[in-house]
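Student: First the structure, then my questions, so here it is.
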4 protein chains.
Amino acid sequence: MTSPLKFNCRVPVRFHDLDVMGHAHHTLPIIYFEEARAAYWREIAGRTNVVDIDYVLAEIRVQFKQRILYPATLMVRTGVTHVGNASFTMAYELTDEEGVVLATGESVQVMFDYERGKSMRMPPEVRTRIENYEGHSG
Amino acid sequence: MTSPLKFNCRVPVRFHDLDVMGHAHHTLPIIYFEEARAAYWREIAGRTNVVDIDYVLAEIRVQFKQRILYPATLMVRTGVTHVGNASFTMAYELTDEEGVVLATGESVQVMFDYERGKSMRMPPEVRTRIENYEGHSG
Amino acid sequence: MTSPLKFNCRVPVRFHDLDVMGHAHHTLPIIYFEEARAAYWREIAGRTNVVDIDYVLAEIRVQFKQRILYPATLMVRTGVTHVGNASFTMAYELTDEEGVVLATGESVQVMFDYERGKSMRMPPEVRTRIENYEGHSG
Amino acid sequence: MTSPLKFNCRVPVRFHDLDVMGHAHHTLPIIYFEEARAAYWREIAGRTNVVDIDYVLAEIRVQFKQRILYPATLMVRTGVTHVGNASFTMAYELTDEEGVVLATGESVQVMFDYERGKSMRMPPEVRTRIENYEGHSG
């Protein structure tokens with residue numbers, strides 16, 4: 001899959017994000033990615049309610065490129081790079097306002113039926129919406 | 001490297017760890033891993049002060065196996081699986097009290113001189129302590 | 001109300017609790033209090049499920065006495081100091097293992113019907129359980 | 001002291017701020033207040049570096065008025081309502097974009113010399129800057 005990461009979202013760093021070493025704790029890029037993924041899920045996948053999050057994370061990988069300092073406003077770019085039968089993959093790039101890459105990452109989500117407590121197939125309307133936006137299938 | 005993860009640490013889940021989906025947020029395994037890594041760094045690497053943390057994270061990978069619920073006390077097993085010239089790799093396994101694996105992960109740390117703001121070589125005494133504990137070199 | 005704070009709970013400080021100033025961030029005593037309140041709600045009020053939390057916080061006050069450092073295991077003592085028609089008040093004391101008081105606090109909770117989205121009366125069985133434990137009414 | 005809260009700051013709610021009850025956890029207003037206090041400390045008190053935070057919190061009080069939902073961008077209004085010899089008091093009001101008050105609060109900070117590990121007098125230049133901005137003394 002070679003489509004660029006088209007969806008983006010700005011996230012201000014908070015003072016509270018800093019850890020004892022003076023930079024944003026290493027879980028924070030994941031939280032910044034999440035802001036972009038949640039916005040994507042609302043705006044592109046069409047799941048407008050918080051309770052409509054119908055997946056769980058199966059895997060996440062983050063590469064930390066630069067320390068994240070405060071104050072700053074960051075940009076997260078994201079996109080769905082693969083849609084499977086019951087899962088999908090997203091990639092992320094986190095930059096500062098000058099475009100310097102601070103972190104990159106990838107996450108795999110498995111569709112999950114919270115009422116039944118088990119994984120489920122990707123809903124067709126979600127797949128269609130994602131493929132229409134990303135301009136690719138699979 | 002085939003040595004088992006010998007170092008372990010118990011971490012109680014907090015109510016505050018739960019997210020809106022009713023399970024520990026997906027950053028929490030990383031925070032549980034960190035508790036074990038910080039204890040390892042104190043007890044094995046011999047860096048007894050918080051300010052003696054002389055590395056930054058370069059990469060982290062987490063595989064989520066089971067939802068983490070509350071209340072629970074978890075076990076983190078960890079160990080250093082590789083020591084390089086300026087970095088080291090740790091692996092993690094997170095289980096519940098029955099031994100069910102909830103998450104696994106791996107992190108790469110780069111030695112970092114906070115005063116100079118740049119990476120540095122692994123201090124020989126830290127390398128020796130780690131190799132003595134893990135029973136391997138490299 | 002003069003009853004002592006009878007209920008207690010141990011909470012280990014996490015590395016992640018530290019902020020850039022090297023002590024637990026000032027929201028952390030509230031999170032430690034919450035661990036004790038959640039345990040109280042399960043064990044004394046008899047609400048055994050996380051989803052059985054049927055109140056919202058109306059007010060919280062914290063007095064910070066000493067910086068909270070890491071690593072440490074803390075003790076939270078708590079109790080219900082007042083039960084009203086639709087609310088209850090809890091007091092908290094946070095100490096280290098030598099009994100040094102690190103923080104104290106008080107919170108007011110209003111019973112809340114999440115399905116209807118509004119406050120509700122204190123359920124009689126919860127009131128009775130609390131009064132039996134605390135040895136006082138009101 | 002009757003001066004209004006003149007300083008303000010916008011803070012977007014994050015998905016991660018939500019707890020299992022579907023609203024921002026009750027520590028979050030304190031974190032939103034902190035964003036405004038940190039900006040005030042930089043812009044009004046003239047302490048431009050993160051490491052120039054030369055106070056510790058002595059007390060905080062929060063009144064929760066409305067559940068804080070996601071997504072939303074909030075407004076924090078704040079100001080210093082009292083400057084003492086070694087401490088200062090700030091008040092906070094948190095509203096949504098329609099001006100609905102979600103939470104209010106007050107915090108007392110004690111000037112702290114981190115190198116010596118003890119409280120210290122309010123630096124005169126900080127006092128002057130605050131009084132000039134707030135238009136009052138004491």
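Identifiers in this document derive from the order of the structure tokens: chains are assigned A, B, ..., residues are numbered from 1 separately in each chain, and ligands are numbered from 1 in order of occurrence.
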For chain A, report every residue with an atom at most 8 Å from chain B (counting only C-alpha atoms), formatted as an NGL selection string.

Tutor: :A and (21 or 26-27 or 30-31 or 51 or 57-65)

Student: Generate a file of the selected residues that holds C-alpha atoms, formatted as an mmCIF file, in the first residue's frame.

Tutor:
data_model
loop_
_atom_site.group_PDB
_atom_site.id
_atom_site.type_symbol
_atom_site.label_atom_id
_atom_site.label_comp_id
_atom_site.auth_asym_id
_atom_site.auth_seq_id
_atom_site.Cartn_x
_atom_site.Cartn_y
_atom_site.Cartn_z
ATOM 1 C CA MET A 21 13.032 13.651 32.160
ATOM 2 C CA HIS A 26 6.863 7.839 25.633
ATOM 3 C CA THR A 27 3.194 6.884 25.841
ATOM 4 C CA ILE A 30 0.308 6.961 21.200
ATOM 5 C CA ILE A 31 -2.204 9.342 22.753
ATOM 6 C CA VAL A 51 -19.551 4.366 22.085
ATOM 7 C CA LEU A 57 -5.999 -2.618 19.527
ATOM 8 C CA ALA A 58 -4.086 -5.752 18.664
ATOM 9 C CA GLU A 59 -0.662 -4.256 18.146
ATOM 10 C CA ILE A 60 1.115 -0.923 18.224
ATOM 11 C CA ARG A 61 4.631 0.093 17.203
ATOM 12 C CA VAL A 62 6.207 3.492 17.761
ATOM 13 C CA GLN A 63 9.547 4.846 16.606
ATOM 14 C CA PHE A 64 10.671 7.833 18.665
ATOM 15 C CA LYS A 65 12.753 10.249 16.560
#

Student: Running DSSP on the backbone, which parts of chain B land in strand (DSSP E or B), as JSON, numbers by chain?

Tutor: {"B": [7, 8, 9, 10, 11, 12, 18, 24, 55, 56, 57, 58, 59, 60, 61, 62, 63, 64, 73, 74, 75, 76, 77, 78, 79, 80, 81, 82, 83, 87, 88, 89, 90, 91, 92, 93, 94, 95, 101, 102, 103, 104, 105, 106, 107, 108, 109, 110, 111, 112, 113, 118, 119]}

Student: The coordinates of chain C, once least-squares superposed on chain B over all sequentially paired C-alpha atoms, should be supplied as a CSV table (one decimal) with N, CA and C atoms, in the first residue's frame.

Tutor:
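Writing the result to out.csv gives the following:
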chain,number,residue,atom,x,y,z
C,1,MET,N,19.3,-14.3,21.0
C,1,MET,CA,19.3,-14.4,22.5
C,1,MET,C,18.1,-15.2,22.9
C,2,THR,N,18.4,-16.2,23.8
C,2,THR,CA,17.4,-17.1,24.1
C,2,THR,C,17.1,-17.1,25.6
C,3,SER,N,17.8,-16.2,26.4
C,3,SER,CA,17.6,-16.3,27.8
C,3,SER,C,16.1,-15.9,28.2
C,4,PRO,N,15.5,-16.6,29.2
C,4,PRO,CA,14.2,-16.2,29.6
C,4,PRO,C,14.1,-14.9,30.2
C,5,LEU,N,12.9,-14.4,30.4
C,5,LEU,CA,12.7,-13.1,31.1
C,5,LEU,C,12.7,-13.4,32.6
C,6,LYS,N,13.8,-13.1,33.2
C,6,LYS,CA,14.0,-13.5,34.6
C,6,LYS,C,13.5,-12.6,35.7
C,7,PHE,N,13.5,-11.3,35.3
C,7,PHE,CA,13.2,-10.2,36.3
C,7,PHE,C,11.7,-10.0,36.3
C,8,ASN,N,11.1,-9.9,37.5
C,8,ASN,CA,9.7,-9.7,37.5
C,8,ASN,C,9.2,-8.7,38.6
C,9,CYS,N,8.0,-8.3,38.4
C,9,CYS,CA,7.5,-7.1,39.2
C,9,CYS,C,6.0,-7.2,39.1
C,10,ARG,N,5.4,-7.0,40.3
C,10,ARG,CA,3.9,-7.0,40.3
C,10,ARG,C,3.4,-5.6,40.2
C,11,VAL,N,2.3,-5.4,39.4
C,11,VAL,CA,1.7,-4.1,39.3
C,11,VAL,C,0.2,-4.2,39.4
C,12,PRO,N,-0.4,-3.5,40.4
C,12,PRO,CA,-1.9,-3.5,40.5
C,12,PRO,C,-2.4,-2.6,39.5
C,13,VAL,N,-3.5,-3.0,38.8
C,13,VAL,CA,-4.2,-2.1,37.9
C,13,VAL,C,-5.0,-1.1,38.8
C,14,ARG,N,-5.0,0.1,38.3
C,14,ARG,CA,-5.8,1.1,39.0
C,14,ARG,C,-7.1,1.4,38.3
C,15,PHE,N,-8.1,1.8,39.0
C,15,PHE,CA,-9.4,2.2,38.4
C,15,PHE,C,-9.1,3.3,37.3
C,16,HIS,N,-8.2,4.2,37.6
C,16,HIS,CA,-7.9,5.3,36.7
C,16,HIS,C,-7.3,4.8,35.3
C,17,ASP,N,-6.8,3.5,35.3
C,17,ASP,CA,-6.2,3.0,34.1
C,17,ASP,C,-7.3,2.6,33.0
C,18,LEU,N,-8.5,2.5,33.5
C,18,LEU,CA,-9.6,2.2,32.6
C,18,LEU,C,-10.0,3.3,31.6
C,19,ASP,N,-10.3,3.0,30.4
C,19,ASP,CA,-10.8,4.0,29.5
C,19,ASP,C,-12.3,3.8,29.3
C,20,VAL,N,-12.8,4.5,28.4
C,20,VAL,CA,-14.3,4.5,28.2
C,20,VAL,C,-14.8,3.2,27.8
C,21,MET,N,-13.9,2.3,27.2
C,21,MET,CA,-14.4,1.0,26.8
C,21,MET,C,-14.4,0.0,27.9
C,22,GLY,N,-14.0,0.4,29.1
C,22,GLY,CA,-14.1,-0.5,30.3
C,22,GLY,C,-12.9,-1.4,30.5
C,23,HIS,N,-11.8,-1.2,29.7
C,23,HIS,CA,-10.6,-1.9,29.9
C,23,HIS,C,-9.4,-0.9,30.1
C,24,ALA,N,-8.3,-1.4,30.5
C,24,ALA,CA,-7.1,-0.5,30.7
C,24,ALA,C,-6.8,0.0,29.3
C,25,HIS,N,-6.6,1.3,29.2
C,25,HIS,CA,-6.2,1.9,27.9
C,25,HIS,C,-5.0,1.3,27.4
C,26,HIS,N,-4.8,1.3,26.1
C,26,HIS,CA,-3.7,0.6,25.4
C,26,HIS,C,-2.4,1.1,25.7
C,27,THR,N,-2.3,2.3,26.3
C,27,THR,CA,-1.0,2.8,26.8
C,27,THR,C,-0.6,2.1,28.1
C,28,LEU,N,-1.5,1.5,28.8
C,28,LEU,CA,-1.2,1.0,30.1
C,28,LEU,C,-0.2,-0.1,30.2
C,29,PRO,N,-0.3,-1.1,29.2
C,29,PRO,CA,0.8,-2.1,29.3
C,29,PRO,C,2.2,-1.5,29.2
C,30,ILE,N,2.3,-0.4,28.5
C,30,ILE,CA,3.6,0.3,28.4
C,30,ILE,C,4.0,0.9,29.7
C,31,ILE,N,3.1,1.3,30.5
C,31,ILE,CA,3.3,1.9,31.8
C,31,ILE,C,3.6,0.7,32.8
C,32,TYR,N,3.0,-0.4,32.6
C,32,TYR,CA,3.3,-1.5,33.5
C,32,TYR,C,4.7,-2.1,33.1
C,33,PHE,N,5.0,-2.1,31.8
C,33,PHE,CA,6.4,-2.5,31.4
C,33,PHE,C,7.4,-1.5,32.1
C,34,GLU,N,7.1,-0.3,32.1
C,34,GLU,CA,8.0,0.7,32.6
C,34,GLU,C,8.3,0.5,34.1
C,35,GLU,N,7.3,0.1,34.8
C,35,GLU,CA,7.5,-0.2,36.2
C,35,GLU,C,8.6,-1.3,36.4
C,36,ALA,N,8.5,-2.3,35.5
C,36,ALA,CA,9.5,-3.4,35.6
C,36,ALA,C,10.8,-2.9,35.1
C,37,ARG,N,10.8,-2.1,34.1
C,37,ARG,CA,12.1,-1.6,33.6
C,37,ARG,C,12.8,-0.7,34.6
C,38,ALA,N,12.0,0.2,35.2
C,38,ALA,CA,12.6,1.1,36.2
C,38,ALA,C,13.1,0.3,37.4
C,39,ALA,N,12.4,-0.8,37.8
C,39,ALA,CA,12.9,-1.6,38.9
C,39,ALA,C,14.2,-2.3,38.5
C,40,TYR,N,14.2,-2.8,37.2
C,40,TYR,CA,15.4,-3.5,36.7
C,40,TYR,C,16.6,-2.5,36.7
C,41,TRP,N,16.3,-1.3,36.3
C,41,TRP,CA,17.4,-0.3,36.1
C,41,TRP,C,18.0,0.0,37.5
C,42,ARG,N,17.1,0.1,38.5
C,42,ARG,CA,17.6,0.3,39.9
C,42,ARG,C,18.4,-0.9,40.4
C,43,GLU,N,17.8,-2.1,40.3
C,43,GLU,CA,18.3,-3.3,41.0
C,43,GLU,C,19.3,-4.0,40.3
C,44,ILE,N,19.2,-4.1,38.9
C,44,ILE,CA,20.2,-4.8,38.1
C,44,ILE,C,21.3,-3.9,37.6
C,45,ALA,N,20.9,-2.8,36.9
C,45,ALA,CA,21.8,-1.9,36.3
C,45,ALA,C,22.5,-1.0,37.3
C,46,GLY,N,21.9,-1.0,38.6
C,46,GLY,CA,22.6,-0.3,39.6
C,46,GLY,C,22.4,1.2,39.6
C,47,ARG,N,21.4,1.7,38.9
C,47,ARG,CA,21.2,3.1,38.8
C,47,ARG,C,20.1,3.4,39.8
C,48,THR,N,20.5,3.8,41.0
C,48,THR,CA,19.5,3.8,42.1
C,48,THR,C,18.6,5.1,42.2
C,49,ASN,N,19.0,6.1,41.5
C,49,ASN,CA,18.2,7.3,41.5
C,49,ASN,C,17.4,7.5,40.3
C,50,VAL,N,16.2,8.1,40.5
C,50,VAL,CA,15.4,8.4,39.3
C,50,VAL,C,16.1,9.2,38.3
C,51,VAL,N,16.9,10.2,38.7
C,51,VAL,CA,17.7,11.0,37.8
C,51,VAL,C,18.8,10.3,37.1
C,52,ASP,N,19.1,9.1,37.5
C,52,ASP,CA,20.1,8.3,36.9
C,52,ASP,C,19.6,7.5,35.7
C,53,ILE,N,18.4,7.8,35.2
C,53,ILE,CA,17.9,7.2,34.0
C,53,ILE,C,18.6,7.9,32.8
C,54,ASP,N,19.5,7.1,32.2
C,54,ASP,CA,20.4,7.8,31.2
C,54,ASP,C,20.2,7.2,29.9
C,55,TYR,N,18.9,7.0,29.5
C,55,TYR,CA,18.5,6.5,28.2
C,55,TYR,C,17.2,7.2,27.8
C,56,VAL,N,17.0,7.1,26.5
C,56,VAL,CA,15.7,7.5,25.9
C,56,VAL,C,15.1,6.3,25.1
C,57,LEU,N,13.8,6.2,25.0
C,57,LEU,CA,13.2,5.2,24.2
C,57,LEU,C,13.4,5.5,22.7
C,58,ALA,N,13.8,4.5,21.9
C,58,ALA,CA,13.9,4.7,20.5
C,58,ALA,C,12.7,4.0,19.8
C,59,GLU,N,12.3,2.9,20.4
C,59,GLU,CA,11.2,2.2,19.7
C,59,GLU,C,10.5,1.3,20.8
C,60,ILE,N,9.2,1.2,20.6
C,60,ILE,CA,8.4,0.2,21.4
C,60,ILE,C,7.4,-0.5,20.6
C,61,ARG,N,7.2,-1.7,20.9
C,61,ARG,CA,6.2,-2.6,20.2
C,61,ARG,C,5.4,-3.3,21.3
C,62,VAL,N,4.1,-3.3,21.1
C,62,VAL,CA,3.2,-4.0,22.1
C,62,VAL,C,2.2,-4.9,21.3
C,63,GLN,N,2.1,-6.1,21.7
C,63,GLN,CA,1.0,-7.0,21.2
C,63,GLN,C,0.0,-7.2,22.3
C,64,PHE,N,-1.2,-6.8,22.0
C,64,PHE,CA,-2.3,-6.9,23.0
C,64,PHE,C,-3.0,-8.2,22.9
C,65,LYS,N,-3.0,-9.0,23.9
C,65,LYS,CA,-3.6,-10.4,23.8
C,65,LYS,C,-5.0,-10.5,24.4
C,66,GLN,N,-5.2,-9.8,25.5
C,66,GLN,CA,-6.5,-9.9,26.2
C,66,GLN,C,-6.8,-8.5,26.8
C,67,ARG,N,-8.0,-8.2,26.9
C,67,ARG,CA,-8.4,-6.9,27.5
C,67,ARG,C,-8.0,-7.0,29.0
C,68,ILE,N,-7.5,-5.9,29.5
C,68,ILE,CA,-7.1,-5.9,30.9
C,68,ILE,C,-8.2,-5.2,31.7
C,69,LEU,N,-8.7,-5.9,32.7
C,69,LEU,CA,-9.9,-5.5,33.5
C,69,LEU,C,-9.5,-5.0,34.9
C,70,TYR,N,-10.4,-4.5,35.6
C,70,TYR,CA,-10.1,-4.0,37.0
C,70,TYR,C,-11.2,-4.5,37.9
C,71,PRO,N,-10.8,-4.9,39.1
C,71,PRO,CA,-9.5,-4.8,39.7
C,71,PRO,C,-8.7,-6.1,39.4
C,72,ALA,N,-7.4,-5.9,39.4
C,72,ALA,CA,-6.5,-7.0,39.1
C,72,ALA,C,-5.0,-6.7,39.5
C,73,THR,N,-4.3,-7.6,39.9
C,73,THR,CA,-2.8,-7.4,40.1
C,73,THR,C,-2.1,-8.2,39.0
C,74,LEU,N,-1.3,-7.5,38.3
C,74,LEU,CA,-0.6,-8.1,37.1
C,74,LEU,C,0.9,-8.4,37.4
C,75,MET,N,1.4,-9.3,36.6
C,75,MET,CA,2.8,-9.6,36.7
C,75,MET,C,3.5,-9.2,35.4
C,76,VAL,N,4.6,-8.5,35.6
C,76,VAL,CA,5.4,-8.1,34.4
C,76,VAL,C,6.7,-8.9,34.5
C,77,ARG,N,7.1,-9.7,33.5
C,77,ARG,CA,8.4,-10.3,33.4
C,77,ARG,C,9.2,-9.6,32.4
C,78,THR,N,10.4,-9.3,32.6
C,78,THR,CA,11.3,-8.6,31.7
C,78,THR,C,12.7,-9.0,31.7
C,79,GLY,N,13.5,-8.6,30.7
C,79,GLY,CA,14.9,-8.9,30.7
C,79,GLY,C,15.5,-8.1,29.6
C,80,VAL,N,16.8,-8.0,29.6
C,80,VAL,CA,17.5,-7.3,28.5
C,80,VAL,C,17.9,-8.4,27.5
C,81,THR,N,17.5,-8.3,26.3
C,81,THR,CA,17.7,-9.3,25.3
C,81,THR,C,18.9,-9.0,24.4
C,82,HIS,N,19.3,-7.8,24.4
C,82,HIS,CA,20.5,-7.4,23.6
C,82,HIS,C,21.1,-6.1,24.2
C,83,VAL,N,22.4,-6.1,24.3
C,83,VAL,CA,23.2,-4.9,24.7
C,83,VAL,C,24.1,-4.5,23.5
C,84,GLY,N,23.8,-3.3,22.9
C,84,GLY,CA,24.7,-2.8,21.9
C,84,GLY,C,25.7,-1.8,22.4
C,85,ASN,N,26.3,-1.1,21.5
C,85,ASN,CA,27.3,-0.1,21.9
C,85,ASN,C,26.7,1.1,22.5
C,86,ALA,N,25.5,1.5,22.1
C,86,ALA,CA,24.9,2.7,22.6
C,86,ALA,C,23.4,2.4,22.9
C,87,SER,N,23.0,1.2,22.8
C,87,SER,CA,21.6,0.9,23.0
C,87,SER,C,21.4,-0.4,23.7
C,88,PHE,N,20.2,-0.7,24.1
C,88,PHE,CA,19.9,-2.1,24.6
C,88,PHE,C,18.4,-2.3,24.3
C,89,THR,N,18.1,-3.6,24.3
C,89,THR,CA,16.7,-4.0,24.0
C,89,THR,C,16.2,-4.8,25.1
C,90,MET,N,14.9,-4.5,25.5
C,90,MET,CA,14.3,-5.3,26.5
C,90,MET,C,13.0,-5.9,26.0
C,91,ALA,N,12.7,-7.1,26.5
C,91,ALA,CA,11.4,-7.8,26.2
C,91,ALA,C,10.5,-7.8,27.4
C,92,TYR,N,9.2,-7.9,27.2
C,92,TYR,CA,8.3,-7.9,28.3
C,92,TYR,C,7.2,-8.9,28.1
C,93,GLU,N,6.7,-9.4,29.2
C,93,GLU,CA,5.5,-10.3,29.1
C,93,GLU,C,4.6,-9.9,30.3
C,94,LEU,N,3.4,-9.6,30.0
C,94,LEU,CA,2.4,-9.2,31.1
C,94,LEU,C,1.4,-10.3,31.2
C,95,THR,N,1.2,-10.8,32.4
C,95,THR,CA,0.3,-11.8,32.7
C,95,THR,C,-0.6,-11.5,33.9
C,96,ASP,N,-1.8,-12.2,33.9
C,96,ASP,CA,-2.6,-12.0,35.1
C,96,ASP,C,-2.1,-13.0,36.2
C,97,GLU,N,-2.8,-13.1,37.3
C,97,GLU,CA,-2.3,-14.0,38.4
C,97,GLU,C,-2.4,-15.4,38.1
C,98,GLU,N,-3.2,-15.8,37.1
C,98,GLU,CA,-3.3,-17.2,36.7
C,98,GLU,C,-2.3,-17.5,35.6
C,99,GLY,N,-1.5,-16.5,35.2
C,99,GLY,CA,-0.5,-16.8,34.2
C,99,GLY,C,-0.9,-16.6,32.7
C,100,VAL,N,-2.2,-16.1,32.6
C,100,VAL,CA,-2.7,-15.8,31.2
C,100,VAL,C,-2.0,-14.6,30.7
C,101,VAL,N,-1.4,-14.7,29.5
C,101,VAL,CA,-0.7,-13.6,28.9
C,101,VAL,C,-1.6,-12.6,28.4
C,102,LEU,N,-1.5,-11.3,28.9
C,102,LEU,CA,-2.4,-10.2,28.5
C,102,LEU,C,-1.7,-9.4,27.4
C,103,ALA,N,-0.4,-9.2,27.4
C,103,ALA,CA,0.3,-8.4,26.4
C,103,ALA,C,1.8,-8.8,26.5
C,104,THR,N,2.4,-8.6,25.3
C,104,THR,CA,3.8,-8.8,25.2
C,104,THR,C,4.4,-7.6,24.5
C,105,GLY,N,5.7,-7.4,24.7
C,105,GLY,CA,6.3,-6.2,24.0
C,105,GLY,C,7.8,-6.2,24.0
C,106,GLU,N,8.3,-5.2,23.4
C,106,GLU,CA,9.7,-5.1,23.2
C,106,GLU,C,10.0,-3.6,23.1
C,107,SER,N,11.1,-3.2,23.7
C,107,SER,CA,11.5,-1.8,23.6
C,107,SER,C,13.0,-1.6,23.4
C,108,VAL,N,13.4,-0.6,22.6
C,108,VAL,CA,14.8,-0.3,22.3
C,108,VAL,C,15.1,1.0,22.9
C,109,GLN,N,16.1,1.0,23.8
C,109,GLN,CA,16.5,2.2,24.5
C,109,GLN,C,17.9,2.7,23.9
C,110,VAL,N,18.1,3.9,23.8
C,110,VAL,CA,19.4,4.5,23.4
C,110,VAL,C,19.9,5.3,24.6
C,111,MET,N,21.2,5.0,24.9
C,111,MET,CA,21.8,5.7,26.0
C,111,MET,C,21.9,7.2,25.6
C,112,PHE,N,21.6,8.1,26.6
C,112,PHE,CA,21.4,9.5,26.3
C,112,PHE,C,22.0,10.3,27.4
C,113,ASP,N,22.8,11.3,27.0
C,113,ASP,CA,23.5,12.2,27.9
C,113,ASP,C,22.6,13.4,27.9
C,114,TYR,N,21.8,13.5,29.0
C,114,TYR,CA,20.8,14.6,29.1
C,114,TYR,C,21.5,16.0,29.2
C,115,GLU,N,22.7,16.0,29.8
C,115,GLU,CA,23.4,17.3,29.9
C,115,GLU,C,23.8,17.8,28.5
C,116,ARG,N,24.3,16.9,27.7
C,116,ARG,CA,24.8,17.3,26.4
C,116,ARG,C,23.7,17.2,25.3
C,117,GLY,N,22.6,16.6,25.7
C,117,GLY,CA,21.5,16.5,24.8
C,117,GLY,C,21.8,15.6,23.6
C,118,LYS,N,22.6,14.5,23.8
C,118,LYS,CA,22.8,13.6,22.7
C,118,LYS,C,23.1,12.2,23.2
C,119,SER,N,23.1,11.3,22.2
C,119,SER,CA,23.2,9.9,22.6
C,119,SER,C,24.7,9.6,23.1
C,120,MET,N,24.9,8.6,23.8
C,120,MET,CA,26.3,8.3,24.3
C,120,MET,C,26.5,6.8,24.3
C,121,ARG,N,27.7,6.3,24.6
C,121,ARG,CA,28.0,4.9,24.6
C,121,ARG,C,27.4,4.3,25.9
C,122,MET,N,27.1,3.0,25.8
C,122,MET,CA,26.7,2.3,27.0
C,122,MET,C,27.8,2.3,28.1
C,123,PRO,N,27.6,2.8,29.3
C,123,PRO,CA,28.6,2.8,30.3
C,123,PRO,C,29.1,1.4,30.6
C,124,PRO,N,30.4,1.1,30.6
C,124,PRO,CA,30.9,-0.3,30.8
C,124,PRO,C,30.3,-1.0,32.1
C,125,GLU,N,30.2,-0.2,33.2
C,125,GLU,CA,29.8,-0.9,34.4
C,125,GLU,C,28.3,-1.3,34.3
C,126,VAL,N,27.5,-0.6,33.5
C,126,VAL,CA,26.1,-0.9,33.3
C,126,VAL,C,26.1,-2.2,32.5
C,127,ARG,N,26.9,-2.2,31.4
C,127,ARG,CA,26.9,-3.4,30.5
C,127,ARG,C,27.3,-4.6,31.3
C,128,THR,N,28.3,-4.5,32.2
C,128,THR,CA,28.8,-5.7,33.0
C,128,THR,C,27.7,-6.2,33.9
C,129,ARG,N,27.1,-5.2,34.6
C,129,ARG,CA,26.0,-5.6,35.5
C,129,ARG,C,24.9,-6.4,34.8
C,130,ILE,N,24.5,-5.9,33.6
C,130,ILE,CA,23.4,-6.5,32.8
C,130,ILE,C,23.9,-7.9,32.4
C,131,GLU,N,25.1,-8.0,31.8
C,131,GLU,CA,25.6,-9.2,31.3
C,131,GLU,C,25.7,-10.3,32.4
C,132,ASN,N,26.2,-9.8,33.6
C,132,ASN,CA,26.3,-10.8,34.7
C,132,ASN,C,24.9,-11.3,35.1
C,133,TYR,N,23.9,-10.4,35.1
C,133,TYR,CA,22.6,-10.9,35.5
C,133,TYR,C,22.0,-11.8,34.4
C,134,GLU,N,22.1,-11.3,33.2
C,134,GLU,CA,21.4,-12.1,32.1
C,134,GLU,C,22.1,-13.3,31.7
C,135,GLY,N,23.4,-13.4,32.1
C,135,GLY,CA,24.2,-14.6,31.7
C,135,GLY,C,24.5,-14.7,30.2
C,136,HIS,N,24.7,-13.6,29.6
C,136,HIS,CA,25.0,-13.6,28.2
C,136,HIS,C,25.7,-12.3,27.8
C,137,SER,N,26.4,-12.3,26.7
C,137,SER,CA,27.0,-11.0,26.2
C,137,SER,C,26.3,-10.7,24.9
C,138,GLY,N,25.9,-9.5,24.7
C,138,GLY,CA,25.4,-9.0,23.4
C,138,GLY,C,24.0,-9.5,23.1

Student: If you run DSSP over the backbone, which residues in range 10-96 of chain D end up helix (DSSP H, G or I)? Put them as a list in words.

Tutor: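 Filtering range 10-96 of chain D down to helix (DSSP H, G or I) leaves Phe15, His16, Asp17, Leu28, Pro29, Ile30, Ile31, Tyr32, Phe33, Glu34, Glu35, Ala36, Arg37, Ala38, Ala39, Tyr40, Trp41, Arg42, Glu43, Val50, Val51 and Asp52 of chain D.
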